[in-house]
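Enquirer: Contents are CSV, N, CA and C atoms; file name final19.csv:
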chain,number,residue,atom,x,y,z
A,9,TYR,N,12.9,30.6,18.1
A,9,TYR,CA,13.0,32.1,18.0
A,9,TYR,C,14.3,32.4,17.3
A,10,LEU,N,15.3,31.6,17.4
A,10,LEU,CA,16.6,31.9,16.8
A,10,LEU,C,16.5,32.1,15.3
A,11,ASP,N,15.6,31.3,14.6
A,11,ASP,CA,15.4,31.4,13.2
A,11,ASP,C,14.8,32.8,12.9
A,12,ILE,N,13.9,33.2,13.7
A,12,ILE,CA,13.2,34.5,13.4
A,12,ILE,C,14.2,35.6,13.6
A,13,CYS,N,15.1,35.6,14.6
A,13,CYS,CA,16.1,36.6,14.9
A,13,CYS,C,17.2,36.6,13.8
A,14,SER,N,17.6,35.5,13.4
A,14,SER,CA,18.7,35.5,12.5
A,14,SER,C,18.3,35.7,11.0
A,15,ALA,N,17.0,35.6,10.7
A,15,ALA,CA,16.5,35.8,9.4
A,15,ALA,C,16.6,37.2,9.0
A,16,GLY,N,16.5,38.1,9.9
A,16,GLY,CA,16.4,39.6,9.6
A,16,GLY,C,17.8,40.2,9.3
A,17,GLY,N,18.9,39.6,9.5
A,17,GLY,CA,20.1,40.2,9.3
A,17,GLY,C,20.9,40.4,10.5
A,18,PRO,N,22.1,41.1,10.5
A,18,PRO,CA,22.9,41.2,11.6
A,18,PRO,C,22.5,42.3,12.6
A,19,SER,N,21.5,43.1,12.3
A,19,SER,CA,21.0,44.1,13.3
A,19,SER,C,19.6,43.9,13.6
A,20,ALA,N,19.1,44.5,14.7
A,20,ALA,CA,17.7,44.5,15.1
A,20,ALA,C,17.3,45.8,15.8
A,21,ASN,N,16.1,46.0,15.8
A,21,ASN,CA,15.5,47.2,16.4
A,21,ASN,C,14.6,46.8,17.5
A,22,ILE,N,14.7,47.4,18.7
A,22,ILE,CA,13.8,47.1,19.8
A,22,ILE,C,12.5,48.0,19.5
A,23,ALA,N,11.4,47.3,19.4
A,23,ALA,CA,10.1,48.0,19.1
A,23,ALA,C,9.4,48.5,20.4
A,24,ASN,N,9.6,47.8,21.5
A,24,ASN,CA,8.8,48.1,22.7
A,24,ASN,C,9.5,47.5,23.9
A,25,ILE,N,9.5,48.3,25.0
A,25,ILE,CA,10.0,47.8,26.3
A,25,ILE,C,8.9,48.0,27.3
A,26,VAL,N,8.5,47.0,28.0
A,26,VAL,CA,7.5,47.1,29.0
A,26,VAL,C,8.1,46.9,30.3
A,27,LYS,N,8.0,47.9,31.2
A,27,LYS,CA,8.5,47.9,32.5
A,27,LYS,C,7.4,47.7,33.5
A,28,LYS,N,7.6,46.7,34.4
A,28,LYS,CA,6.5,46.4,35.4
A,28,LYS,C,7.2,46.5,36.7
A,29,PRO,N,6.6,47.3,37.6
A,29,PRO,CA,7.1,47.4,39.0
A,29,PRO,C,7.1,46.0,39.7
A,30,LYS,N,8.1,45.8,40.4
A,30,LYS,CA,8.2,44.5,41.2
A,30,LYS,C,8.6,44.8,42.6
A,31,THR,N,7.9,44.3,43.5
A,31,THR,CA,8.2,44.5,44.9
A,31,THR,C,8.8,43.2,45.5
A,32,LYS,N,9.9,43.3,46.1
A,32,LYS,CA,10.5,42.1,46.8
A,32,LYS,C,10.5,42.3,48.3
A,33,TYR,N,9.7,41.6,49.0
A,33,TYR,CA,9.5,41.8,50.4
A,33,TYR,C,10.6,41.0,51.2
A,34,ARG,N,10.9,41.6,52.3
A,34,ARG,CA,11.9,40.9,53.2
A,34,ARG,C,11.2,39.6,53.7
A,35,PRO,N,11.9,38.5,53.8
A,35,PRO,CA,11.3,37.3,54.3
A,35,PRO,C,10.9,37.4,55.8
A,36,VAL,N,9.9,36.6,56.2
A,36,VAL,CA,9.6,36.6,57.6
A,36,VAL,C,10.6,35.7,58.3
A,37,PRO,N,10.8,35.9,59.6
A,37,PRO,CA,11.8,35.1,60.4
A,37,PRO,C,11.5,33.6,60.2
A,38,LEU,N,12.5,32.8,60.3
A,38,LEU,CA,12.5,31.4,60.0
A,38,LEU,C,11.9,30.5,61.1
A,39,ASP,N,10.9,29.7,60.8
A,39,ASP,CA,10.4,28.7,61.7
A,39,ASP,C,10.8,27.3,61.1
A,40,THR,N,10.5,26.3,61.8
A,40,THR,CA,10.9,24.9,61.4
A,40,THR,C,10.4,24.5,60.0
A,41,ILE,N,9.1,24.8,59.8
A,41,ILE,CA,8.5,24.4,58.5
A,41,ILE,C,9.2,25.1,57.4
A,42,GLU,N,9.4,26.4,57.5
A,42,GLU,CA,10.1,27.2,56.4
A,42,GLU,C,11.5,26.7,56.2
A,43,LEU,N,12.2,26.4,57.3
A,43,LEU,CA,13.6,25.9,57.2
A,43,LEU,C,13.6,24.6,56.3
A,44,GLU,N,12.6,23.7,56.6
A,44,GLU,CA,12.6,22.5,55.9
A,44,GLU,C,12.2,22.7,54.4
A,45,LYS,N,11.2,23.6,54.2
A,45,LYS,CA,10.8,23.9,52.8
A,45,LYS,C,12.0,24.5,52.0
A,46,LEU,N,12.7,25.5,52.6
A,46,LEU,CA,13.8,26.1,51.9
A,46,LEU,C,14.9,25.2,51.6
A,47,ALA,N,15.2,24.3,52.6
A,47,ALA,CA,16.3,23.3,52.4
A,47,ALA,C,16.0,22.4,51.2
A,48,VAL,N,14.7,21.9,51.1
A,48,VAL,CA,14.3,21.0,50.0
A,48,VAL,C,14.4,21.8,48.7
A,49,ARG,N,13.8,23.0,48.6
A,49,ARG,CA,13.8,23.7,47.4
A,49,ARG,C,15.1,24.3,47.0
A,50,LYS,N,15.8,24.9,47.9
A,50,LYS,CA,17.1,25.7,47.5
A,50,LYS,C,18.3,24.8,47.6
A,51,LEU,N,18.4,24.0,48.6
A,51,LEU,CA,19.6,23.2,48.8
A,51,LEU,C,19.5,21.7,48.2
A,52,ARG,N,18.2,21.4,47.9
A,52,ARG,CA,18.0,20.0,47.3
A,52,ARG,C,18.4,18.9,48.3
A,53,ILE,N,18.1,19.1,49.6
A,53,ILE,CA,18.3,18.1,50.6
A,53,ILE,C,17.0,17.8,51.2
A,54,THR,N,16.9,16.6,51.9
A,54,THR,CA,15.6,16.3,52.5
A,54,THR,C,15.4,17.1,53.7
A,55,ALA,N,14.1,17.2,54.1
A,55,ALA,CA,13.7,18.0,55.3
A,55,ALA,C,14.4,17.3,56.5
A,56,LYS,N,14.4,16.0,56.6
A,56,LYS,CA,15.1,15.3,57.7
A,56,LYS,C,16.5,15.6,57.8
A,57,ARG,N,17.2,15.7,56.7
A,57,ARG,CA,18.7,16.0,56.7
A,57,ARG,C,18.9,17.5,57.2
A,58,ALA,N,18.0,18.4,56.7
A,58,ALA,CA,18.1,19.8,57.1
A,58,ALA,C,17.9,20.0,58.6
A,59,LEU,N,16.9,19.3,59.1
A,59,LEU,CA,16.6,19.4,60.6
A,59,LEU,C,17.8,18.8,61.4
A,60,ALA,N,18.4,17.7,60.9
A,60,ALA,CA,19.5,17.1,61.6
A,60,ALA,C,20.7,18.1,61.6
A,61,ALA,N,20.9,18.8,60.5
A,61,ALA,CA,22.0,19.8,60.4
A,61,ALA,C,21.7,20.9,61.3
A,62,ALA,N,20.5,21.4,61.3
A,62,ALA,CA,20.1,22.5,62.2
A,62,ALA,C,20.3,22.1,63.7
A,63,GLU,N,19.9,20.9,64.0
A,63,GLU,CA,20.1,20.5,65.4
A,63,GLU,C,21.6,20.4,65.8
A,64,LYS,N,22.5,20.0,64.9
A,64,LYS,CA,23.9,20.0,65.1
A,64,LYS,C,24.4,21.5,65.3
A,65,LEU,N,23.9,22.4,64.5
A,65,LEU,CA,24.3,23.8,64.6
A,65,LEU,C,23.8,24.3,66.0
A,66,TYR,N,22.6,23.9,66.4
A,66,TYR,CA,22.1,24.3,67.7
A,66,TYR,C,22.9,23.8,68.9
A,67,THR,N,23.2,22.5,68.8
A,67,THR,CA,24.0,22.0,70.0
A,67,THR,C,25.4,22.5,70.0
A,68,SER,N,25.9,23.0,68.9
A,68,SER,CA,27.2,23.7,68.8
A,68,SER,C,27.1,25.2,69.2
A,69,GLY,N,25.9,25.7,69.4
A,69,GLY,CA,25.8,27.1,69.8
A,69,GLY,C,25.7,28.1,68.6
A,70,PHE,N,25.6,27.6,67.4
A,70,PHE,CA,25.6,28.5,66.3
A,70,PHE,C,24.3,29.2,66.0
A,71,ILE,N,23.2,28.4,66.2
A,71,ILE,CA,21.8,29.0,65.9
A,71,ILE,C,20.9,28.7,67.2
A,72,SER,N,19.8,29.4,67.2
A,72,SER,CA,18.8,29.3,68.2
A,72,SER,C,18.1,27.9,68.0
A,73,TYR,N,17.3,27.6,68.9
A,73,TYR,CA,16.5,26.3,68.9
A,73,TYR,C,15.8,26.2,67.6
A,74,PRO,N,16.0,25.1,66.8
A,74,PRO,CA,15.5,25.0,65.5
A,74,PRO,C,14.1,24.4,65.4
A,75,ARG,N,13.5,23.9,66.5
A,75,ARG,CA,12.2,23.4,66.5
A,75,ARG,C,11.2,24.4,67.1
A,76,THR,N,10.8,25.3,66.2
A,76,THR,CA,9.9,26.4,66.7
A,76,THR,C,8.9,26.7,65.6
A,77,GLU,N,7.7,27.0,66.0
A,77,GLU,CA,6.7,27.4,65.0
A,77,GLU,C,6.5,28.9,65.1
A,78,THR,N,7.4,29.6,65.7
A,78,THR,CA,7.3,31.1,65.8
A,78,THR,C,8.0,31.8,64.7
A,79,ASN,N,7.3,32.8,64.1
A,79,ASN,CA,8.0,33.6,63.0
A,79,ASN,C,7.8,35.1,63.4
A,80,ILE,N,7.8,35.4,64.7
A,80,ILE,CA,7.7,36.7,65.2
A,80,ILE,C,8.8,36.9,66.3
A,81,PHE,N,9.7,37.9,66.1
A,81,PHE,CA,10.7,38.1,67.1
A,81,PHE,C,10.0,38.7,68.3
A,82,PRO,N,10.4,38.3,69.6
A,82,PRO,CA,9.8,39.0,70.7
A,82,PRO,C,10.4,40.4,70.9
A,83,LYS,N,9.7,41.2,71.5
A,83,LYS,CA,10.1,42.6,71.6
A,83,LYS,C,11.4,42.8,72.4
A,84,ASP,N,11.7,41.9,73.3
A,84,ASP,CA,12.9,42.0,74.2
A,84,ASP,C,14.2,41.4,73.6
A,85,ILE,N,14.1,40.9,72.4
A,85,ILE,CA,15.3,40.3,71.8
A,85,ILE,C,16.2,41.5,71.2
A,86,ASN,N,17.5,41.4,71.5
A,86,ASN,CA,18.4,42.5,71.0
A,86,ASN,C,19.0,42.1,69.6
A,87,LEU,N,18.3,42.4,68.6
A,87,LEU,CA,18.7,42.0,67.2
A,87,LEU,C,20.0,42.7,66.8
A,88,ALA,N,20.1,44.0,67.2
A,88,ALA,CA,21.3,44.7,66.9
A,88,ALA,C,22.6,44.0,67.4
A,89,GLU,N,22.5,43.5,68.6
A,89,GLU,CA,23.6,42.8,69.2
A,89,GLU,C,23.9,41.5,68.4
A,90,LEU,N,22.8,40.8,68.0
A,90,LEU,CA,23.0,39.6,67.2
A,90,LEU,C,23.7,39.9,65.9
A,91,ILE,N,23.3,41.0,65.3
A,91,ILE,CA,23.9,41.4,64.0
A,91,ILE,C,25.3,41.8,64.2
A,92,GLN,N,25.6,42.5,65.2
A,92,GLN,CA,27.0,42.9,65.5
A,92,GLN,C,27.9,41.7,65.6
A,93,THR,N,27.5,40.6,66.2
A,93,THR,CA,28.3,39.5,66.4
A,93,THR,C,28.7,38.9,65.0
A,94,GLN,N,27.8,39.1,64.0
A,94,GLN,CA,28.1,38.6,62.6
A,94,GLN,C,29.0,39.5,61.8
A,95,SER,N,29.3,40.7,62.3
A,95,SER,CA,30.1,41.6,61.5
A,95,SER,C,31.5,41.2,61.3
A,96,GLY,N,32.0,40.3,62.2
A,96,GLY,CA,33.4,39.8,62.1
A,96,GLY,C,33.6,38.7,61.0
A,97,SER,N,32.5,38.3,60.4
A,97,SER,CA,32.6,37.2,59.5
A,97,SER,C,33.3,37.7,58.2
A,98,SER,N,34.2,36.8,57.7
A,98,SER,CA,34.9,37.2,56.4
A,98,SER,C,33.9,37.0,55.2
A,99,THR,N,32.9,36.2,55.4
A,99,THR,CA,31.9,35.9,54.3
A,99,THR,C,30.8,36.9,54.3
A,100,TRP,N,30.1,37.2,55.4
A,100,TRP,CA,29.0,38.1,55.3
A,100,TRP,C,29.1,39.3,56.3
A,101,GLY,N,30.3,39.5,56.9
A,101,GLY,CA,30.5,40.6,57.8
A,101,GLY,C,30.2,41.9,57.3
A,102,ALA,N,30.5,42.2,56.0
A,102,ALA,CA,30.2,43.5,55.4
A,102,ALA,C,28.7,43.7,55.3
A,103,PHE,N,28.0,42.6,55.0
A,103,PHE,CA,26.5,42.7,54.9
A,103,PHE,C,26.0,43.1,56.3
A,104,ALA,N,26.4,42.4,57.3
A,104,ALA,CA,26.0,42.7,58.7
A,104,ALA,C,26.3,44.1,59.1
A,105,THR,N,27.5,44.6,58.8
A,105,THR,CA,27.9,46.0,59.1
A,105,THR,C,27.0,46.9,58.3
A,106,ASP,N,26.7,46.6,57.1
A,106,ASP,CA,25.8,47.5,56.3
A,106,ASP,C,24.4,47.6,56.9
A,107,ILE,N,23.9,46.5,57.5
A,107,ILE,CA,22.6,46.5,58.2
A,107,ILE,C,22.7,47.5,59.4
A,108,ILE,N,23.8,47.3,60.1
A,108,ILE,CA,23.9,48.2,61.3
A,108,ILE,C,24.1,49.7,60.9
A,109,ASN,N,24.8,49.9,59.9
A,109,ASN,CA,25.0,51.3,59.4
A,109,ASN,C,23.8,52.0,58.8
A,110,HIS,N,22.8,51.2,58.4
A,110,HIS,CA,21.6,51.7,57.8
A,110,HIS,C,20.4,51.6,58.7
A,111,GLY,N,20.6,51.7,60.0
A,111,GLY,CA,19.5,51.7,60.9
A,111,GLY,C,19.2,50.5,61.7
A,112,GLY,N,20.0,49.5,61.5
A,112,GLY,CA,19.8,48.2,62.3
A,112,GLY,C,18.7,47.3,61.8
A,113,ALA,N,18.4,46.3,62.6
A,113,ALA,CA,17.5,45.3,62.2
A,113,ALA,C,16.1,45.9,62.2
A,114,ASN,N,15.3,45.5,61.2
A,114,ASN,CA,13.9,45.9,61.1
A,114,ASN,C,13.2,44.7,60.5
A,115,PRO,N,13.0,43.6,61.2
A,115,PRO,CA,12.5,42.4,60.6
A,115,PRO,C,11.0,42.6,60.3
A,116,ARG,N,10.6,41.8,59.2
A,116,ARG,CA,9.2,41.7,58.9
A,116,ARG,C,8.7,40.5,59.7
A,117,ASN,N,7.7,40.8,60.5
A,117,ASN,CA,7.2,39.7,61.3
A,117,ASN,C,6.2,38.9,60.6
A,118,GLY,N,6.1,37.6,61.0
A,118,GLY,CA,5.1,36.8,60.5
A,118,GLY,C,3.8,36.9,61.3
A,119,THR,N,3.1,35.8,61.4
A,119,THR,CA,1.8,35.8,62.2
A,119,THR,C,1.7,34.7,63.2
A,120,LYS,N,2.8,33.9,63.4
A,120,LYS,CA,2.7,32.8,64.3
A,120,LYS,C,3.6,33.0,65.5
A,121,SER,N,3.2,32.6,66.7
A,121,SER,CA,4.0,32.7,67.9
A,121,SER,C,3.6,31.6,68.8
A,122,ASP,N,4.6,30.7,69.1
A,122,ASP,CA,4.3,29.6,70.1
A,122,ASP,C,4.7,30.1,71.5
A,123,ALA,N,5.3,31.3,71.6
A,123,ALA,CA,5.8,31.9,72.9
A,123,ALA,C,6.8,31.1,73.6
A,124,ALA,N,7.2,29.9,73.1
A,124,ALA,CA,8.2,29.1,73.8
A,124,ALA,C,9.6,29.5,73.3
A,125,HIS,N,9.8,29.7,72.0
A,125,HIS,CA,11.1,29.9,71.4
A,125,HIS,C,11.0,31.0,70.3
A,126,PRO,N,12.0,31.8,70.2
A,126,PRO,CA,12.0,32.8,69.1
A,126,PRO,C,12.2,32.1,67.7
A,127,PRO,N,12.1,32.8,66.6
A,127,PRO,CA,12.4,32.3,65.3
A,127,PRO,C,13.9,31.8,65.3
A,128,ILE,N,14.2,30.9,64.3
A,128,ILE,CA,15.5,30.4,64.2
A,128,ILE,C,16.4,31.6,63.7
A,129,HIS,N,17.5,31.8,64.4
A,129,HIS,CA,18.4,32.9,64.1
A,129,HIS,C,19.9,32.5,64.5
A,130,PRO,N,20.9,33.1,63.8
A,130,PRO,CA,22.3,32.9,64.2
A,130,PRO,C,22.6,33.4,65.6
A,131,LEU,N,23.5,32.8,66.3
A,131,LEU,CA,24.0,33.2,67.6
A,131,LEU,C,25.4,33.6,67.5
A,132,LYS,N,26.2,32.9,66.7
A,132,LYS,CA,27.7,33.2,66.6
A,132,LYS,C,28.1,32.7,65.3
Render the structure in this file as structure tokens.

Expert:
Amino acid sequence: YLDICSAGGPSANIANIVKKPKTKYRPVPLDTIELEKLAVRKLRITAKRALAAAEKLYTSGFISYPRTETNIFPKDINLAELIQTQSGSSTWGAFATDIINHGGANPRNGTKSDAAHPPIHPLK
């Protein structure tokens, strides 16, 4: 394409712009399978390594139980309180505060619930 563009001279005219609407949905809460898939795809680490890291975070009290097939938050979980605890972070605290200032948590629920554990979420 470079040859086509440079052959016409130093200027160009835009003949047509096509705009297509795009919807970006909020992700569903994280379960074990999605955690592993995202770790492989986005972080380029093995699923085994991702789960080992998640278990270390769990035993240190940073995240909820990582071995869950639930992607629906229970009605009695206080998401606003969980978000408030994140507002002190120098990395993402402003984002957490923005969520609180704009009506709080409104998660998009998935379809699976094992009723034993909530989706994976930060605790501190």

Enquirer: Tell me which of A:Ala113, A:Ala20, A:Ile53, A:Val36 sits closest to Leu87 of chain A, counting all atoms listed in the file.

Expert: A:Ala113

Enquirer: At what distance in Å, to one decimal, does atom CA of Lys83 of chain A lie from atom CA of Asp122 of chain A?

Expert: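 Atom CA of Lys83 of chain A lies 14.3 Å from atom CA of Asp122 of chain A.
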
Enquirer: One decimal, in Å: what's the spacing between atom N of Ser68 of chain A and atom C of Ile128 of chain A?

Expert: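 If I compute the distance from atom N of Ser68 of chain A to atom C of Ile128 of chain A, I get 13.8 Å.
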
Enquirer: With distances taken over all atoms listed in the file, which residue among A:Lys56, A:Lys132, A:Lys30, A:Lys50 lies nearest Phe70 of chain A?

Expert: A:Lys132

Enquirer: Within 8 Å of Ala58 of chain A, counting all atoms listed in the file, which residues show up once you throw out same-chain ones fewer than 3 positions away? Write them as a list in words, please.

Expert: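 Once the adjacent positions are removed, what remains is Leu43, Glu44, Ala47, Val48, Ile53, Thr54, Ala55, Ala61, Ala62, Glu63 and Lys64 of chain A.
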
Enquirer: List every residue of chain A that DSSP, applied to the backbone of this structure, places in alpha helix (DSSP H), and write the result as a ChimeraX atom specification.

Expert: /A:10-15,40-46,55-67,87-94,101-109

Enquirer: From the options A:Ile80, A:Leu59, A:Ile71, A:Ala23, which residue's atoms come nearest to Thr119 of chain A, counting only N, CA and C atoms?

Expert: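 Using only N, CA and C atoms, the shortest distance to Thr119 of chain A belongs to A:Ile80.
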
Enquirer: Using only C-alpha atoms, which residue out of A:Pro115, A:Pro130, A:Gly101, A:Gly96 lies closest to Asn79 of chain A?

Expert: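 Smallest separation from Asn79 of chain A among the options: A:Pro115.
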
Enquirer: For the atom pair atom CA of His125 of chain A and atom CA of Ala104 of chain A, what is the interatomic distance in Å to one decimal place?

Expert: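 That distance, rounded to one decimal, is 23.4 Å.
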
Enquirer: Let me make sure I understand: among A:Leu131, A:Ala123, A:Ile91, A:Leu46, which one has the smallest atom-to-atom distance to Thr78 of chain A if we use all atoms listed in the file?

Expert: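 Result for the nearest residue to Thr78 of chain A: A:Ala123.
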
Enquirer: Can you list, as a list in words, every residue of chain A that DSSP puts in strand (DSSP E or B)?

Expert: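 Matching residues, listed in order: Leu38, Ile71, Ile128 and Pro130 of chain A.
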
Enquirer: Since the input is missing atoms for segment 39-50 of chain A, could you rebuild it with all heavy atoms and give the result as a JSON list (two decimals), in the frame of the given file?

Expert:
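Generated file (out-v7.json):
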[["chain", "number", "residue", "atom", "x", "y", "z"],
["A", 39, "ASP", "N", 10.90, 29.70, 60.80],
["A", 39, "ASP", "CA", 10.40, 28.70, 61.70],
["A", 39, "ASP", "C", 10.80, 27.30, 61.10],
["A", 39, "ASP", "O", 11.41, 27.23, 60.03],
["A", 39, "ASP", "CB", 8.94, 28.83, 61.92],
["A", 39, "ASP", "CG", 8.08, 28.63, 60.68],
["A", 39, "ASP", "OD1", 8.58, 28.13, 59.66],
["A", 39, "ASP", "OD2", 6.89, 28.97, 60.72],
["A", 40, "THR", "N", 10.50, 26.30, 61.80],
["A", 40, "THR", "CA", 10.90, 24.90, 61.40],
["A", 40, "THR", "C", 10.40, 24.50, 60.00],
["A", 40, "THR", "O", 11.12, 24.01, 59.20],
["A", 40, "THR", "CB", 10.47, 23.91, 62.46],
["A", 40, "THR", "OG1", 10.96, 24.31, 63.74],
["A", 40, "THR", "CG2", 10.99, 22.52, 62.14],
["A", 41, "ILE", "N", 9.10, 24.80, 59.80],
["A", 41, "ILE", "CA", 8.50, 24.40, 58.50],
["A", 41, "ILE", "C", 9.20, 25.10, 57.40],
["A", 41, "ILE", "O", 9.50, 24.52, 56.34],
["A", 41, "ILE", "CB", 6.99, 24.71, 58.54],
["A", 41, "ILE", "CG1", 6.29, 23.97, 59.69],
["A", 41, "ILE", "CG2", 6.35, 24.39, 57.21],
["A", 41, "ILE", "CD1", 6.40, 22.47, 59.62],
["A", 42, "GLU", "N", 9.40, 26.40, 57.50],
["A", 42, "GLU", "CA", 10.10, 27.20, 56.40],
["A", 42, "GLU", "C", 11.50, 26.70, 56.20],
["A", 42, "GLU", "O", 12.00, 26.70, 55.09],
["A", 42, "GLU", "CB", 10.01, 28.70, 56.69],
["A", 42, "GLU", "CG", 8.68, 29.32, 56.33],
["A", 42, "GLU", "CD", 8.27, 29.09, 54.88],
["A", 42, "GLU", "OE1", 9.06, 29.39, 53.96],
["A", 42, "GLU", "OE2", 7.16, 28.59, 54.67],
["A", 43, "LEU", "N", 12.20, 26.40, 57.30],
["A", 43, "LEU", "CA", 13.60, 25.90, 57.20],
["A", 43, "LEU", "C", 13.60, 24.60, 56.30],
["A", 43, "LEU", "O", 14.37, 24.50, 55.42],
["A", 43, "LEU", "CB", 14.11, 25.58, 58.60],
["A", 43, "LEU", "CG", 15.41, 24.76, 58.62],
["A", 43, "LEU", "CD1", 16.59, 25.63, 58.19],
["A", 43, "LEU", "CD2", 15.64, 24.17, 59.99],
["A", 44, "GLU", "N", 12.60, 23.70, 56.60],
["A", 44, "GLU", "CA", 12.60, 22.50, 55.90],
["A", 44, "GLU", "C", 12.20, 22.70, 54.40],
["A", 44, "GLU", "O", 12.82, 22.16, 53.49],
["A", 44, "GLU", "CB", 11.58, 21.53, 56.51],
["A", 44, "GLU", "CG", 12.05, 21.02, 57.85],
["A", 44, "GLU", "CD", 11.02, 20.22, 58.60],
["A", 44, "GLU", "OE1", 9.80, 20.45, 58.41],
["A", 44, "GLU", "OE2", 11.41, 19.35, 59.38],
["A", 45, "LYS", "N", 11.20, 23.60, 54.20],
["A", 45, "LYS", "CA", 10.80, 23.90, 52.80],
["A", 45, "LYS", "C", 12.00, 24.50, 52.00],
["A", 45, "LYS", "O", 12.22, 24.14, 50.83],
["A", 45, "LYS", "CB", 9.64, 24.89, 52.77],
["A", 45, "LYS", "CG", 8.32, 24.28, 53.08],
["A", 45, "LYS", "CD", 7.28, 25.35, 52.76],
["A", 45, "LYS", "CE", 6.10, 25.33, 53.65],
["A", 45, "LYS", "NZ", 5.17, 26.43, 53.38],
["A", 46, "LEU", "N", 12.70, 25.50, 52.60],
["A", 46, "LEU", "CA", 13.80, 26.10, 51.90],
["A", 46, "LEU", "C", 14.90, 25.20, 51.60],
["A", 46, "LEU", "O", 15.56, 25.19, 50.57],
["A", 46, "LEU", "CB", 14.29, 27.32, 52.69],
["A", 46, "LEU", "CG", 13.40, 28.56, 52.66],
["A", 46, "LEU", "CD1", 13.86, 29.58, 53.70],
["A", 46, "LEU", "CD2", 13.39, 29.18, 51.28],
["A", 47, "ALA", "N", 15.20, 24.30, 52.60],
["A", 47, "ALA", "CA", 16.30, 23.30, 52.40],
["A", 47, "ALA", "C", 16.00, 22.40, 51.20],
["A", 47, "ALA", "O", 16.83, 22.07, 50.41],
["A", 47, "ALA", "CB", 16.45, 22.49, 53.67],
["A", 48, "VAL", "N", 14.70, 21.90, 51.10],
["A", 48, "VAL", "CA", 14.30, 21.00, 50.00],
["A", 48, "VAL", "C", 14.40, 21.80, 48.70],
["A", 48, "VAL", "O", 14.98, 21.31, 47.71],
["A", 48, "VAL", "CB", 12.91, 20.47, 50.25],
["A", 48, "VAL", "CG1", 12.39, 19.79, 49.00],
["A", 48, "VAL", "CG2", 12.91, 19.52, 51.44],
["A", 49, "ARG", "N", 13.80, 23.00, 48.60],
["A", 49, "ARG", "CA", 13.80, 23.70, 47.40],
["A", 49, "ARG", "C", 15.10, 24.30, 47.00],
["A", 49, "ARG", "O", 15.48, 24.25, 45.79],
["A", 49, "ARG", "CB", 12.71, 24.84, 47.54],
["A", 49, "ARG", "CG", 12.37, 25.53, 46.23],
["A", 49, "ARG", "CD", 11.16, 26.45, 46.32],
["A", 49, "ARG", "NE", 11.35, 27.53, 47.27],
["A", 49, "ARG", "CZ", 10.58, 27.74, 48.34],
["A", 49, "ARG", "NH1", 9.57, 26.96, 48.60],
["A", 49, "ARG", "NH2", 10.82, 28.76, 49.14],
["A", 50, "LYS", "N", 15.80, 24.90, 47.90],
["A", 50, "LYS", "CA", 17.10, 25.70, 47.50],
["A", 50, "LYS", "C", 18.30, 24.80, 47.60],
["A", 50, "LYS", "O", 19.21, 24.92, 46.76],
["A", 50, "LYS", "CB", 17.25, 26.89, 48.39],
["A", 50, "LYS", "CG", 16.11, 27.88, 48.33],
["A", 50, "LYS", "CD", 16.13, 28.63, 47.04],
["A", 50, "LYS", "CE", 15.06, 29.74, 47.08],
["A", 50, "LYS", "NZ", 15.02, 30.48, 45.87]]
